[in-house]
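Enquirer: Handing you a structure now.
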Amino acid sequence: MPSIDIQVLEGVFSDEEKAQIITRVTAAFGTVAGPEIERGTSVRIHEVKSGSWGWGGNVLHTEDGQRMKAARDS
């Protein structure tokens, strides 16, 4: 069945937030694919070590991800 992989920087999302991401991504996929496929959908969150991710030529660190997330709440 479908397998969805999500990569995030380590230390940015709590265990509760990661559980919400898994639940909501699975449900969103199910709205398109249908309930039977939704029940067989696998979602994995991979945490990438701080400093091991680059975006736009810049190296990202956990603090960068936390800052981006905090801006969402502003």
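Letters A, B, ... go to the chains of the structure tokens in the order shown; residues in each chain start at 1; ligands are counted from 1 in the same order.
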Taking 2 positions as the minimum chain separation for residues in the same chain, which residues sit within 12 Å of region 10-16 of chain A when counting only C-alpha atoms? Answer as a list in words.
Expert: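 Using only C-alpha atoms, the neighbours found are Gln7, Val8, Lys18, Ala19, Gln20, Ile21, Ile22, Thr23, Ile45, His46, Glu47, Val48, Lys49, Ser50, Gly51, Ser52, Trp53, Leu60, His61, Thr62, Glu63, Asp64, Gly65, Gln66, Arg67, Met68, Lys69 and Ala70 of chain A.
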Enquirer: Using DSSP on the backbone, list every residue of chain A that comes out as strand (DSSP E or B), and give them as an NGL selection string.
Expert: :A and (3-9 or 42-48 or 53-55 or 58-60)
Enquirer: List the spatial neighbours of Met1 (chain A) as a PyMOL selection string - criterion: any atom at most 10 Å away, only C-alpha atoms, same-chain residues fewer than 6 positions off excluded.
Expert: chain A and resi 36-42
Enquirer: Please produce a file of the residues just selected, as a PDB file, in the first residue's frame, where the atoms kept are N, CA and C atoms.
Expert:
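This went into again36.pdb:
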```pdb
ATOM      1  N   GLU A  36     -10.297   2.354   2.151  1.00  0.00           N
ATOM      2  CA  GLU A  36      -9.549   1.094   2.188  1.00  0.00           C
ATOM      3  C   GLU A  36      -8.061   1.335   1.994  1.00  0.00           C
ATOM      4  N   ILE A  37      -7.715   2.191   1.061  1.00  0.00           N
ATOM      5  CA  ILE A  37      -6.298   2.506   0.849  1.00  0.00           C
ATOM      6  C   ILE A  37      -5.763   3.309   2.028  1.00  0.00           C
ATOM      7  N   GLU A  38      -6.581   4.192   2.594  1.00  0.00           N
ATOM      8  CA  GLU A  38      -6.145   4.956   3.770  1.00  0.00           C
ATOM      9  C   GLU A  38      -5.724   4.016   4.902  1.00  0.00           C
ATOM     10  N   ARG A  39      -6.495   2.962   5.129  1.00  0.00           N
ATOM     11  CA  ARG A  39      -6.182   2.016   6.203  1.00  0.00           C
ATOM     12  C   ARG A  39      -4.846   1.312   5.973  1.00  0.00           C
ATOM     13  N   GLY A  40      -4.406   1.233   4.739  1.00  0.00           N
ATOM     14  CA  GLY A  40      -3.133   0.583   4.432  1.00  0.00           C
ATOM     15  C   GLY A  40      -1.989   1.545   4.191  1.00  0.00           C
ATOM     16  N   THR A  41      -2.213   2.822   4.474  1.00  0.00           N
ATOM     17  CA  THR A  41      -1.190   3.836   4.207  1.00  0.00           C
ATOM     18  C   THR A  41      -0.186   3.902   5.348  1.00  0.00           C
ATOM     19  N   SER A  42       1.074   3.910   4.990  1.00  0.00           N
ATOM     20  CA  SER A  42       2.171   4.019   5.948  1.00  0.00           C
ATOM     21  C   SER A  42       2.776   5.418   5.840  1.00  0.00           C
TER      22      SER A  42
END
```
Enquirer: How many Å lie between CA of Glu17 (chain A) and CA of Gly34 (chain A), rounded to one decimal?
Expert: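 Taking CA of Glu17 (chain A) and CA of Gly34 (chain A), their separation equals 24.5 Å.
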